[in-house]
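In what follows, a structure is listed as structure tokens, so that the remarks can point back to it.
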Amino acid sequence: MRQNLDKQLHEVFDKLNEVQKQQVFDFANSFLDEDLQYDKWKDSAFVAEVESRYNHYKSGGKMVSTEEVNRQVRELFKNAKNK
């Protein structure tokens, strides 16, 4: 599958003009930069959210199971399709 994806990416990339190729290249490199630079534990917003959720749990807050989340998401999609 990886070879197929690599081939498809190469074929699409060959069809782009130079400006588009540079934009795709910059976009792809941004993923590498983020992976190398981003430390979620140094992100105060992330840490605050984790602490908030932990404190909610420790104080007896209701936790939602994976099954319940999946059910809610399916229902949201179903309702969105009906609109």
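In the structure tokens, chains take letters A, B, ... by order of appearance, with residues numbered from 1 within each chain and ligands from 1 in the order shown.
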Which parts of chain A does DSSP call helix (DSSP H, G or I) when run on the backbone here, written out as a PDB file with C-alpha atoms, in the first residue's frame?
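Result file is part_3.pdb:
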ATOM      1  CA  ARG A   2       2.838   2.401   0.830  1.00  0.00           C
ATOM      2  CA  GLN A   3       4.364   1.941  -2.617  1.00  0.00           C
ATOM      3  CA  ASN A   4       0.997   2.691  -4.191  1.00  0.00           C
ATOM      4  CA  LEU A   5       0.616   5.866  -2.137  1.00  0.00           C
ATOM      5  CA  ASP A   6       4.171   6.952  -2.931  1.00  0.00           C
ATOM      6  CA  LYS A   7       3.490   6.389  -6.622  1.00  0.00           C
ATOM      7  CA  GLN A   8       0.228   8.361  -6.491  1.00  0.00           C
ATOM      8  CA  LEU A   9       1.909  11.249  -4.686  1.00  0.00           C
ATOM      9  CA  HIS A  10       4.706  11.274  -7.234  1.00  0.00           C
ATOM     10  CA  GLU A  11       2.216  11.294 -10.131  1.00  0.00           C
ATOM     11  CA  VAL A  12       0.261  14.191  -8.640  1.00  0.00           C
ATOM     12  CA  PHE A  13       3.408  16.110  -7.784  1.00  0.00           C
ATOM     13  CA  ASP A  14       4.633  15.785 -11.388  1.00  0.00           C
ATOM     14  CA  LYS A  15       1.465  17.539 -12.609  1.00  0.00           C
ATOM     15  CA  GLU A  18       6.639  25.171  -9.712  1.00  0.00           C
ATOM     16  CA  VAL A  19       4.681  27.434  -7.348  1.00  0.00           C
ATOM     17  CA  GLN A  20       2.317  24.610  -6.398  1.00  0.00           C
ATOM     18  CA  LYS A  21       5.249  22.228  -5.890  1.00  0.00           C
ATOM     19  CA  GLN A  22       6.882  24.701  -3.511  1.00  0.00           C
ATOM     20  CA  GLN A  23       3.627  25.121  -1.575  1.00  0.00           C
ATOM     21  CA  VAL A  24       3.190  21.348  -1.243  1.00  0.00           C
ATOM     22  CA  PHE A  25       6.820  20.990  -0.212  1.00  0.00           C
ATOM     23  CA  ASP A  26       6.502  23.722   2.428  1.00  0.00           C
ATOM     24  CA  PHE A  27       3.254  22.199   3.703  1.00  0.00           C
ATOM     25  CA  ALA A  28       4.800  18.722   4.009  1.00  0.00           C
ATOM     26  CA  ASN A  29       7.868  20.126   5.762  1.00  0.00           C
ATOM     27  CA  SER A  30       5.628  21.877   8.276  1.00  0.00           C
ATOM     28  CA  PHE A  31       4.611  18.440   9.587  1.00  0.00           C
ATOM     29  CA  LEU A  32       8.233  17.546  10.176  1.00  0.00           C
ATOM     30  CA  ASP A  33       8.898  20.876  11.891  1.00  0.00           C
ATOM     31  CA  GLU A  34       5.876  20.454  14.167  1.00  0.00           C
ATOM     32  CA  ASP A  35       6.912  16.934  15.132  1.00  0.00           C
ATOM     33  CA  LEU A  36      10.419  18.105  15.995  1.00  0.00           C
ATOM     34  CA  GLN A  37       9.472  21.301  17.805  1.00  0.00           C
ATOM     35  CA  LYS A  40       2.589  19.198  24.237  1.00  0.00           C
ATOM     36  CA  TRP A  41       3.694  19.244  27.870  1.00  0.00           C
ATOM     37  CA  LYS A  42       5.195  22.709  27.361  1.00  0.00           C
ATOM     38  CA  SER A  44       0.100  25.687  28.683  1.00  0.00           C
ATOM     39  CA  ALA A  45      -3.302  25.330  26.988  1.00  0.00           C
ATOM     40  CA  PHE A  46      -2.827  21.589  26.580  1.00  0.00           C
ATOM     41  CA  VAL A  47      -1.613  21.140  30.166  1.00  0.00           C
ATOM     42  CA  ALA A  48      -4.527  23.237  31.483  1.00  0.00           C
ATOM     43  CA  GLU A  49      -7.016  21.088  29.534  1.00  0.00           C
ATOM     44  CA  VAL A  50      -5.491  17.842  30.835  1.00  0.00           C
ATOM     45  CA  GLU A  51      -5.493  19.158  34.398  1.00  0.00           C
ATOM     46  CA  SER A  52      -9.097  20.297  34.040  1.00  0.00           C
ATOM     47  CA  ARG A  53     -10.187  16.885  32.812  1.00  0.00           C
ATOM     48  CA  TYR A  54      -8.203  15.134  35.541  1.00  0.00           C
ATOM     49  CA  ASN A  55      -9.682  17.348  38.262  1.00  0.00           C
ATOM     50  CA  HIS A  56     -13.177  16.734  36.862  1.00  0.00           C
ATOM     51  CA  TYR A  57     -12.545  12.985  37.034  1.00  0.00           C
ATOM     52  CA  LYS A  58     -11.070  13.126  40.538  1.00  0.00           C
ATOM     53  CA  THR A  66     -15.587   4.930  24.018  1.00  0.00           C
ATOM     54  CA  GLU A  67     -18.789   3.149  23.081  1.00  0.00           C
ATOM     55  CA  GLU A  68     -20.872   6.124  24.222  1.00  0.00           C
ATOM     56  CA  VAL A  69     -18.711   8.578  22.299  1.00  0.00           C
ATOM     57  CA  ASN A  70     -19.004   6.441  19.159  1.00  0.00           C
ATOM     58  CA  ARG A  71     -22.783   6.275  19.596  1.00  0.00           C
ATOM     59  CA  GLN A  72     -22.990  10.059  19.968  1.00  0.00           C
ATOM     60  CA  VAL A  73     -20.832  10.638  16.894  1.00  0.00           C
ATOM     61  CA  ARG A  74     -22.928   8.236  14.796  1.00  0.00           C
ATOM     62  CA  GLU A  75     -26.068  10.045  15.924  1.00  0.00           C
ATOM     63  CA  LEU A  76     -24.558  13.428  15.029  1.00  0.00           C
ATOM     64  CA  PHE A  77     -23.668  12.193  11.542  1.00  0.00           C
ATOM     65  CA  LYS A  78     -27.111  10.680  11.116  1.00  0.00           C
ATOM     66  CA  ASN A  79     -28.785  13.949  12.118  1.00  0.00           C
ATOM     67  CA  ALA A  80     -26.474  15.960   9.852  1.00  0.00           C
ATOM     68  CA  LYS A  81     -27.384  13.784   6.864  1.00  0.00           C
ATOM     69  CA  ASN A  82     -31.100  14.300   7.535  1.00  0.00           C
TER      70      ASN A  82
END
